[in-house]
$ cat coords20.pdb   # PDB, C-alpha atoms, pLDDT in the B column
MODEL        1
ATOM      1  CA  MET R   1       0.000   0.000   0.000  1.00 62.00           C
ATOM      2  CA  ALA R   2       1.349   3.401  -1.016  1.00 66.00           C
ATOM      3  CA  VAL R   3       1.329   6.250   1.409  1.00 70.00           C
ATOM      4  CA  ALA R   4       0.975   9.724   0.043  1.00 71.00           C
ATOM      5  CA  ARG R   5       3.717  12.026   1.057  1.00 75.00           C
ATOM      6  CA  VAL R   6       2.939  15.576   1.967  1.00 76.00           C
ATOM      7  CA  ALA R   7       5.607  18.057   1.051  1.00 74.00           C
ATOM      8  CA  PRO R   8       6.999  19.930   4.011  1.00 75.00           C
ATOM      9  CA  PRO R   9       6.141  23.622   4.131  1.00 73.00           C
ATOM     10  CA  PRO R  10       8.738  25.911   2.642  1.00 72.00           C
ATOM     11  CA  PRO R  11      11.150  27.399   5.158  1.00 72.00           C
ATOM     12  CA  ALA R  12       9.907  30.636   6.644  1.00 67.00           C
ATOM     13  CA  THR R  13      11.635  33.575   5.097  1.00 67.00           C
ATOM     14  CA  LYS R  14      12.412  36.350   7.457  1.00 67.00           C
ATOM     15  CA  ARG R  15      11.562  39.779   6.205  1.00 64.00           C
ATOM     16  CA  PRO R  16      14.411  42.186   6.742  1.00 63.00           C
ATOM     17  CA  GLN R  17      13.722  44.855   9.311  1.00 61.00           C
ATOM     18  CA  VAL R  18      13.663  48.205   7.565  1.00 62.00           C
ATOM     19  CA  ALA R  19      14.760  51.097   9.716  1.00 70.00           C
ATOM     20  CA  LEU R  20      13.966  54.620   8.677  1.00 80.00           C
ATOM     21  CA  SER R  21      17.055  56.164   7.155  1.00 87.00           C
ATOM     22  CA  ARG R  22      18.372  59.549   8.162  1.00 90.00           C
ATOM     23  CA  ARG R  23      17.361  60.826   4.728  1.00 92.00           C
ATOM     24  CA  GLY R  24      13.846  59.453   5.219  1.00 91.00           C
ATOM     25  CA  PHE R  25      13.591  61.204   8.571  1.00 91.00           C
ATOM     26  CA  VAL R  26      14.713  64.515   7.047  1.00 94.00           C
ATOM     27  CA  VAL R  27      12.263  64.164   4.135  1.00 94.00           C
ATOM     28  CA  ALA R  28       9.415  63.363   6.553  1.00 93.00           C
ATOM     29  CA  LEU R  29      10.332  66.319   8.773  1.00 92.00           C
ATOM     30  CA  LEU R  30      10.500  68.693   5.786  1.00 94.00           C
ATOM     31  CA  ALA R  31       7.167  67.377   4.471  1.00 93.00           C
ATOM     32  CA  VAL R  32       5.507  67.928   7.868  1.00 90.00           C
ATOM     33  CA  ILE R  33       6.947  71.457   8.081  1.00 91.00           C
ATOM     34  CA  GLY R  34       5.770  72.141   4.519  1.00 90.00           C
ATOM     35  CA  LEU R  35       2.301  70.846   5.354  1.00 88.00           C
ATOM     36  CA  ALA R  36       2.245  72.903   8.574  1.00 84.00           C
ATOM     37  CA  LEU R  37       3.036  76.062   6.594  1.00 86.00           C
ATOM     38  CA  LEU R  38       0.813  75.283   3.623  1.00 85.00           C
ATOM     39  CA  THR R  39      -2.344  74.239   5.485  1.00 83.00           C
ATOM     40  CA  PRO R  40      -3.093  77.457   7.405  1.00 78.00           C
ATOM     41  CA  TYR R  41      -2.219  79.528   4.340  1.00 82.00           C
ATOM     42  CA  VAL R  42      -4.633  77.607   2.099  1.00 81.00           C
ATOM     43  CA  GLU R  43      -7.403  77.320   4.695  1.00 76.00           C
ATOM     44  CA  ILE R  44      -7.251  80.720   6.385  1.00 73.00           C
ATOM     45  CA  VAL R  45      -5.568  83.167   4.000  1.00 78.00           C
ATOM     46  CA  LEU R  46      -6.897  81.853   0.687  1.00 80.00           C
ATOM     47  CA  TRP R  47     -10.182  80.634   2.210  1.00 77.00           C
ATOM     48  CA  ALA R  48      -9.859  77.552   0.030  1.00 75.00           C
ATOM     49  CA  THR R  49     -10.656  73.937   0.816  1.00 75.00           C
ATOM     50  CA  GLN R  50      -9.647  72.508   4.170  1.00 73.00           C
ATOM     51  CA  ILE R  51      -6.646  70.464   3.046  1.00 72.00           C
ATOM     52  CA  GLY R  52      -5.923  69.165   6.540  1.00 69.00           C
ATOM     53  CA  ALA R  53      -9.428  68.209   7.577  1.00 68.00           C
ATOM     54  CA  PHE R  54     -10.489  65.390   5.300  1.00 70.00           C
ATOM     55  CA  ALA R  55      -9.703  61.708   5.630  1.00 73.00           C
ATOM     56  CA  PRO R  56      -7.158  61.296   4.177  1.00 81.00           C
ATOM     57  CA  PRO R  57      -5.954  64.897   4.311  1.00 84.00           C
ATOM     58  CA  ALA R  58      -5.595  66.302   0.800  1.00 83.00           C
ATOM     59  CA  GLY R  59      -2.460  68.264   1.680  1.00 85.00           C
ATOM     60  CA  ALA R  60      -0.632  65.122   2.799  1.00 88.00           C
ATOM     61  CA  PHE R  61      -1.845  63.243  -0.274  1.00 90.00           C
ATOM     62  CA  TRP R  62      -0.654  65.911  -2.725  1.00 90.00           C
ATOM     63  CA  ILE R  63       2.742  66.213  -1.066  1.00 92.00           C
ATOM     64  CA  LEU R  64       3.084  62.425  -1.379  1.00 95.00           C
ATOM     65  CA  VAL R  65       2.108  62.639  -5.058  1.00 95.00           C
ATOM     66  CA  PHE R  66       4.700  65.409  -5.536  1.00 96.00           C
ATOM     67  CA  LEU R  67       7.396  63.221  -3.965  1.00 96.00           C
ATOM     68  CA  VAL R  68       6.503  60.253  -6.164  1.00 96.00           C
ATOM     69  CA  VAL R  69       5.842  62.089  -9.449  1.00 96.00           C
ATOM     70  CA  ALA R  70       8.384  64.924  -9.298  1.00 96.00           C
ATOM     71  CA  VAL R  71      11.071  64.298  -6.684  1.00 95.00           C
ATOM     72  CA  ASN R  72      11.780  60.623  -7.399  1.00 95.00           C
ATOM     73  CA  PRO R  73      12.168  61.110 -11.196  1.00 95.00           C
ATOM     74  CA  LEU R  74      14.398  64.126 -10.531  1.00 95.00           C
ATOM     75  CA  LEU R  75      16.556  62.056  -8.193  1.00 94.00           C
ATOM     76  CA  ARG R  76      16.844  59.379 -10.895  1.00 95.00           C
ATOM     77  CA  LEU R  77      17.876  62.010 -13.471  1.00 95.00           C
ATOM     78  CA  LEU R  78      20.553  63.246 -11.081  1.00 94.00           C
ATOM     79  CA  ARG R  79      21.695  59.632 -10.667  1.00 94.00           C
ATOM     80  CA  ARG R  80      20.740  59.628  -7.013  1.00 94.00           C
ATOM     81  CA  ARG R  81      18.844  56.943  -5.176  1.00 93.00           C
ATOM     82  CA  PRO R  82      15.091  57.700  -5.289  1.00 94.00           C
ATOM     83  CA  LEU R  83      13.051  57.682  -2.112  1.00 94.00           C
ATOM     84  CA  SER R  84      12.323  54.129  -1.037  1.00 92.00           C
ATOM     85  CA  ARG R  85       8.878  52.785  -0.284  1.00 92.00           C
ATOM     86  CA  ALA R  86       9.697  52.816   3.449  1.00 91.00           C
ATOM     87  CA  GLU R  87      10.760  56.470   3.273  1.00 93.00           C
ATOM     88  CA  LEU R  88       7.599  57.434   1.394  1.00 94.00           C
ATOM     89  CA  VAL R  89       5.350  55.518   3.804  1.00 93.00           C
ATOM     90  CA  ALA R  90       7.079  57.080   6.823  1.00 92.00           C
ATOM     91  CA  THR R  91       6.730  60.540   5.288  1.00 93.00           C
ATOM     92  CA  TYR R  92       3.043  60.022   4.544  1.00 92.00           C
ATOM     93  CA  ALA R  93       2.383  58.612   8.035  1.00 90.00           C
ATOM     94  CA  ALA R  94       4.101  61.615   9.625  1.00 89.00           C
ATOM     95  CA  MET R  95       1.983  63.978   7.537  1.00 89.00           C
ATOM     96  CA  LEU R  96      -1.202  62.104   8.441  1.00 86.00           C
ATOM     97  CA  ALA R  97      -0.356  62.372  12.130  1.00 81.00           C
ATOM     98  CA  SER R  98       0.324  66.104  11.914  1.00 81.00           C
ATOM     99  CA  ALA R  99      -2.350  67.232   9.440  1.00 80.00           C
ATOM    100  CA  ALA R 100      -5.072  67.858  12.016  1.00 74.00           C
ATOM    101  CA  ILE R 101      -2.831  70.007  14.207  1.00 75.00           C
ATOM    102  CA  CYS R 102      -2.174  72.624  11.554  1.00 74.00           C
ATOM    103  CA  SER R 103      -5.674  72.511  10.108  1.00 74.00           C
ATOM    104  CA  CYS R 104      -8.298  75.095  10.943  1.00 68.00           C
ATOM    105  CA  GLN R 105     -10.270  72.201  12.393  1.00 67.00           C
ATOM    106  CA  PHE R 106      -8.066  72.503  15.456  1.00 68.00           C
ATOM    107  CA  ALA R 107      -7.991  76.298  15.476  1.00 64.00           C
ATOM    108  CA  GLY R 108     -11.725  76.294  14.790  1.00 68.00           C
ATOM    109  CA  TRP R 109     -12.608  74.554  18.049  1.00 76.00           C
ATOM    110  CA  ILE R 110      -9.876  75.444  20.531  1.00 79.00           C
ATOM    111  CA  VAL R 111     -10.759  79.140  20.893  1.00 83.00           C
ATOM    112  CA  PRO R 112     -14.535  78.639  21.272  1.00 84.00           C
ATOM    113  CA  VAL R 113     -13.872  75.926  23.857  1.00 83.00           C
ATOM    114  CA  ILE R 114     -11.839  78.275  26.054  1.00 86.00           C
ATOM    115  CA  THR R 115     -14.064  81.342  25.593  1.00 90.00           C
ATOM    116  CA  GLY R 116     -17.580  80.294  24.575  1.00 89.00           C
ATOM    117  CA  PRO R 117     -18.887  79.038  27.915  1.00 90.00           C
ATOM    118  CA  PHE R 118     -18.049  82.403  29.485  1.00 90.00           C
ATOM    119  CA  TYR R 119     -19.285  84.632  26.685  1.00 92.00           C
ATOM    120  CA  TYR R 120     -22.559  82.781  26.168  1.00 92.00           C
ATOM    121  CA  ALA R 121     -23.328  82.211  29.864  1.00 90.00           C
ATOM    122  CA  THR R 122     -26.853  83.324  30.792  1.00 91.00           C
ATOM    123  CA  ASP R 123     -29.272  82.641  33.592  1.00 90.00           C
ATOM    124  CA  ALA R 124     -31.266  80.460  31.203  1.00 93.00           C
ATOM    125  CA  ASN R 125     -28.465  78.067  30.204  1.00 91.00           C
ATOM    126  CA  LYS R 126     -26.707  78.189  33.606  1.00 88.00           C
ATOM    127  CA  PHE R 127     -23.229  77.920  32.097  1.00 88.00           C
ATOM    128  CA  ASN R 128     -21.826  79.840  35.068  1.00 86.00           C
ATOM    129  CA  GLU R 129     -22.680  76.906  37.325  1.00 88.00           C
ATOM    130  CA  TYR R 130     -20.485  74.638  35.185  1.00 87.00           C
ATOM    131  CA  ASN R 131     -17.735  77.143  34.401  1.00 84.00           C
ATOM    132  CA  SER R 132     -16.378  76.782  37.933  1.00 84.00           C
ATOM    133  CA  PHE R 133     -15.519  73.139  37.140  1.00 89.00           C
ATOM    134  CA  MET R 134     -13.291  74.089  34.212  1.00 86.00           C
ATOM    135  CA  PRO R 135      -9.569  74.025  35.045  1.00 87.00           C
ATOM    136  CA  GLN R 136      -8.576  77.677  35.489  1.00 88.00           C
ATOM    137  CA  PRO R 137      -5.361  77.585  33.418  1.00 89.00           C
ATOM    138  CA  TRP R 138      -7.253  76.067  30.466  1.00 89.00           C
ATOM    139  CA  VAL R 139      -9.675  78.962  29.937  1.00 90.00           C
ATOM    140  CA  VAL R 140      -9.351  82.705  29.344  1.00 91.00           C
ATOM    141  CA  GLN R 141      -9.924  84.414  32.701  1.00 88.00           C
ATOM    142  CA  ASN R 142     -10.180  87.993  31.475  1.00 91.00           C
ATOM    143  CA  ASP R 143     -13.820  88.898  30.721  1.00 90.00           C
ATOM    144  CA  LEU R 144     -12.798  91.824  28.520  1.00 93.00           C
ATOM    145  CA  ALA R 145     -10.488  89.607  26.426  1.00 93.00           C
ATOM    146  CA  VAL R 146     -13.371  87.185  25.866  1.00 93.00           C
ATOM    147  CA  LYS R 147     -15.751  90.031  24.992  1.00 93.00           C
ATOM    148  CA  TYR R 148     -13.230  91.585  22.600  1.00 93.00           C
ATOM    149  CA  PHE R 149     -12.726  88.223  20.925  1.00 90.00           C
ATOM    150  CA  TYR R 150     -16.393  87.965  20.000  1.00 91.00           C
ATOM    151  CA  GLU R 151     -17.283  91.618  19.546  1.00 92.00           C
ATOM    152  CA  GLY R 152     -14.008  93.096  18.298  1.00 91.00           C
ATOM    153  CA  LEU R 153     -11.549  95.467  19.927  1.00 91.00           C
ATOM    154  CA  PRO R 154     -12.501  99.081  20.493  1.00 92.00           C
ATOM    155  CA  SER R 155     -10.663 101.453  18.180  1.00 92.00           C
ATOM    156  CA  GLY R 156      -7.083 102.022  19.291  1.00 90.00           C
ATOM    157  CA  GLN R 157      -6.996  99.126  21.773  1.00 89.00           C
ATOM    158  CA  LYS R 158      -4.259  96.499  21.700  1.00 91.00           C
ATOM    159  CA  ILE R 159      -4.967  92.769  21.801  1.00 89.00           C
ATOM    160  CA  PRO R 160      -4.781  91.575  25.444  1.00 91.00           C
ATOM    161  CA  TRP R 161      -2.238  88.831  24.726  1.00 91.00           C
ATOM    162  CA  GLN R 162      -1.497  88.297  28.415  1.00 93.00           C
ATOM    163  CA  ALA R 163      -4.981  86.809  28.929  1.00 93.00           C
ATOM    164  CA  TRP R 164      -4.424  84.281  26.135  1.00 91.00           C
ATOM    165  CA  ILE R 165      -0.927  83.009  26.959  1.00 93.00           C
ATOM    166  CA  THR R 166      -1.742  80.672  29.866  1.00 93.00           C
ATOM    167  CA  PRO R 167      -4.708  78.850  28.256  1.00 91.00           C
ATOM    168  CA  LEU R 168      -2.949  78.418  24.914  1.00 88.00           C
ATOM    169  CA  VAL R 169       0.213  77.079  26.576  1.00 90.00           C
ATOM    170  CA  ALA R 170      -1.893  74.713  28.715  1.00 90.00           C
ATOM    171  CA  TRP R 171      -3.722  73.388  25.651  1.00 86.00           C
ATOM    172  CA  CYS R 172      -0.463  73.036  23.726  1.00 84.00           C
ATOM    173  CA  ALA R 173       0.989  70.931  26.534  1.00 86.00           C
ATOM    174  CA  PHE R 174      -2.098  68.714  26.482  1.00 84.00           C
ATOM    175  CA  LEU R 175      -1.972  68.380  22.698  1.00 79.00           C
ATOM    176  CA  LEU R 176       1.732  67.548  22.699  1.00 82.00           C
ATOM    177  CA  ALA R 177       1.061  64.785  25.225  1.00 86.00           C
ATOM    178  CA  LEU R 178      -1.896  63.561  23.156  1.00 78.00           C
ATOM    179  CA  TYR R 179       0.067  63.475  19.911  1.00 73.00           C
ATOM    180  CA  PHE R 180       3.057  61.837  21.640  1.00 79.00           C
ATOM    181  CA  ALA R 181       0.699  59.098  22.848  1.00 81.00           C
ATOM    182  CA  MET R 182      -0.715  58.718  19.331  1.00 69.00           C
ATOM    183  CA  VAL R 183       2.786  58.399  17.857  1.00 69.00           C
ATOM    184  CA  CYS R 184       3.655  55.779  20.495  1.00 76.00           C
ATOM    185  CA  ILE R 185       0.588  53.748  19.514  1.00 73.00           C
ATOM    186  CA  MET R 186       1.561  53.748  15.828  1.00 61.00           C
TER     187      MET R 186
ENDMDL
END
$ encode --input "coords20.pdb" --output "structure tokens"
Amino acid sequence: MAVARVAPPPPATKRPQVALSRRGFVVALLAVIGLALLTPYVEIVLWATQIGAFAPPAGAFWILVFLVVAVNPLLRLLRRRPLSRAELVATYAAMLASAAICSCQFAGWIVPVITGPFYYATDANKFNEYNSFMPQPWVVQNDLAVKYFYEGLPSGQKIPWQAWITPLVAWCAFLLALYFAMVCIM
């Protein structure tokens, strides 16, 4: 009686670990800086589409396209090594992680969060009862600064920057911790 032989599985091939090169890190950093400069300009100055707000963010996508379509062929023409797949993926991932920070989506909610409950507080909505629970360093404490934000400065007045420094620094610290945690998860 013949016994069928089953072929042994092929030996497992180990994929080489690909570390991000120094060049890849620099390209990713430059792309994030470019996106951070481009996004507010397009969204706030030009009043164009929100390139940092969509999923995936259009700004990050178009910078990736630029790297693939323009930079890589140029590097080949100059007889230099084009950006590798790992470098492009790392660059795109870095831009995805940073796109929301520089988008007006962030700027669009941070200021109303730290001023709105005080400006819109009335006896009817009872916001003042809840405002005392808000951490003091996280909100603007100066009533005139809040009023001027919503109603505009009187002619000849200077912006009361002192009232805004503490809450913006507090929120930046929180956001840095949040984004550090998100990077650690990736």
$ resolve_selection --input "coords20.pdb" --expression "the PyMOL selection byres ((chain R and resi 116-130) around 9)" --output "list in words"
Val111, Pro112, Val113, Ile114, Thr115, Asn131, Ser132, Phe133, Met134, Val140, Gln141, Asp143, Val146, Lys147 and Tyr150 of chain R
$ residues_near_point --input "coords20.pdb" --point "(17.2, 60.3, -5.6)" --cutoff "12 Å" --atoms "all atoms listed in the file" --output "list in words"
Arg23, Gly24, Val27, Leu67, Val68, Ala70, Val71, Asn72, Pro73, Leu74, Leu75, Arg76, Leu77, Leu78, Arg79, Arg80, Arg81, Pro82, Leu83, Ser84 and Glu87 of chain R
$ closest_residue --input "coords20.pdb" --among "R:Pro167, R:Pro160, R:Gly34, R:Pro154" --to "Val139 of chain R" --atoms "only C-alpha atoms"
R:Pro167
$ atom_distance --input "coords20.pdb" --atom1 "atom CA of Gly59 of chain R" --atom2 "atom CA of Ser103 of chain R"
10.0 Å
$ atom_distance --input "coords20.pdb" --atom1 "atom CA of Ala58 of chain R" --atom2 "atom CA of Val169 of chain R"
28.5 Å
$ resolve_selection --input "coords20.pdb" --expression "the PyMOL selection byres ((chain R and resi 51) around 12)" --output "PyMOL selection string"
chain R and resi 35-44+46-50+52-63+95-96+99-105
$ atom_distance --input "coords20.pdb" --atom1 "atom CA of Ala163 of chain R" --atom2 "atom CA of Trp109 of chain R"
18.1 Å
$ axis_aligned_box --input "coords20.pdb" --around "segment 160-177 of chain R" --padding-each-side "8 Å" --output "lines of an AutoDock Vina configuration file"
center_x = -1.6
center_y = 78.2
center_z = 26.3
size_x = 22.7
size_y = 42.8
size_z = 23.2
$ residues_around --input "coords20.pdb" --residues "Ile159 of chain R" --least-positions-apart "6" --cutoff "9 Å" --atoms "all atoms listed in the file" --output "ChimeraX atom specification"
/R:145,148,153
$ closest_residue --input "coords20.pdb" --among "R:Thr91, R:Ser98, R:Ser21, R:Gln136" --to "Ala170 of chain R" --atoms "only C-alpha atoms"
R:Gln136
$ build_atoms --input "coords20.pdb" --residues "segment 111-130 of chain R" --atoms "N, CA, C and O atoms" --output "compact mmCIF listing (two decimals), in the frame of the given file"
# COMPACT_ATOMS: atom_id res chain seq x y z
N VAL R 111 -10.42 77.82 20.34
CA VAL R 111 -10.76 79.14 20.89
C VAL R 111 -12.20 79.19 21.41
O VAL R 111 -12.43 79.68 22.52
N PRO R 112 -13.19 78.66 20.69
CA PRO R 112 -14.54 78.64 21.27
C PRO R 112 -14.64 77.80 22.55
O PRO R 112 -15.42 78.12 23.44
N VAL R 113 -13.83 76.76 22.65
CA VAL R 113 -13.87 75.93 23.86
C VAL R 113 -13.40 76.72 25.08
O VAL R 113 -13.95 76.57 26.17
N ILE R 114 -12.39 77.56 24.90
CA ILE R 114 -11.84 78.28 26.05
C ILE R 114 -12.50 79.63 26.30
O ILE R 114 -12.21 80.27 27.29
N THR R 115 -13.39 80.05 25.39
CA THR R 115 -14.06 81.34 25.59
C THR R 115 -15.59 81.25 25.59
O THR R 115 -16.25 81.99 26.30
N GLY R 116 -16.14 80.37 24.78
CA GLY R 116 -17.58 80.29 24.58
C GLY R 116 -18.41 80.13 25.82
O GLY R 116 -19.41 80.83 26.00
N PRO R 117 -18.05 79.22 26.73
CA PRO R 117 -18.89 79.04 27.92
C PRO R 117 -18.99 80.30 28.77
O PRO R 117 -19.97 80.48 29.50
N PHE R 118 -18.01 81.17 28.70
CA PHE R 118 -18.05 82.40 29.48
C PHE R 118 -18.82 83.49 28.74
O PHE R 118 -19.59 84.22 29.36
N TYR R 119 -18.61 83.59 27.45
CA TYR R 119 -19.28 84.63 26.68
C TYR R 119 -20.78 84.37 26.58
O TYR R 119 -21.59 85.29 26.67
N TYR R 120 -21.15 83.11 26.39
CA TYR R 120 -22.56 82.78 26.17
C TYR R 120 -23.30 82.40 27.45
O TYR R 120 -24.45 81.97 27.39
N ALA R 121 -22.68 82.56 28.59
CA ALA R 121 -23.33 82.21 29.86
C ALA R 121 -24.50 83.15 30.14
O ALA R 121 -24.37 84.37 30.06
N THR R 122 -25.66 82.55 30.42
CA THR R 122 -26.85 83.32 30.79
C THR R 122 -27.53 82.63 31.97
O THR R 122 -27.18 81.49 32.32
N ASP R 123 -28.50 83.29 32.52
CA ASP R 123 -29.27 82.64 33.59
C ASP R 123 -30.06 81.45 33.05
O ASP R 123 -30.30 80.48 33.76
N ALA R 124 -30.46 81.53 31.80
CA ALA R 124 -31.27 80.46 31.20
C ALA R 124 -30.45 79.18 30.99
O ALA R 124 -30.92 78.09 31.30
N ASN R 125 -29.23 79.29 30.46
CA ASN R 125 -28.46 78.07 30.20
C ASN R 125 -27.60 77.64 31.39
O ASN R 125 -27.04 76.55 31.39
N LYS R 126 -27.42 78.49 32.36
CA LYS R 126 -26.71 78.19 33.61
C LYS R 126 -25.26 77.73 33.38
O LYS R 126 -24.74 76.91 34.13
N PHE R 127 -24.63 78.26 32.34
CA PHE R 127 -23.23 77.92 32.10
C PHE R 127 -22.35 78.30 33.27
O PHE R 127 -21.36 77.62 33.55
N ASN R 128 -22.67 79.40 33.95
CA ASN R 128 -21.83 79.84 35.07
C ASN R 128 -21.71 78.79 36.16
O ASN R 128 -20.70 78.72 36.85
N GLU R 129 -22.74 77.98 36.33
CA GLU R 129 -22.68 76.91 37.33
C GLU R 129 -21.62 75.87 36.95
O GLU R 129 -20.99 75.29 37.82
N TYR R 130 -21.43 75.65 35.65
CA TYR R 130 -20.48 74.64 35.18
C TYR R 130 -19.10 75.22 34.93
O TYR R 130 -18.11 74.49 34.96
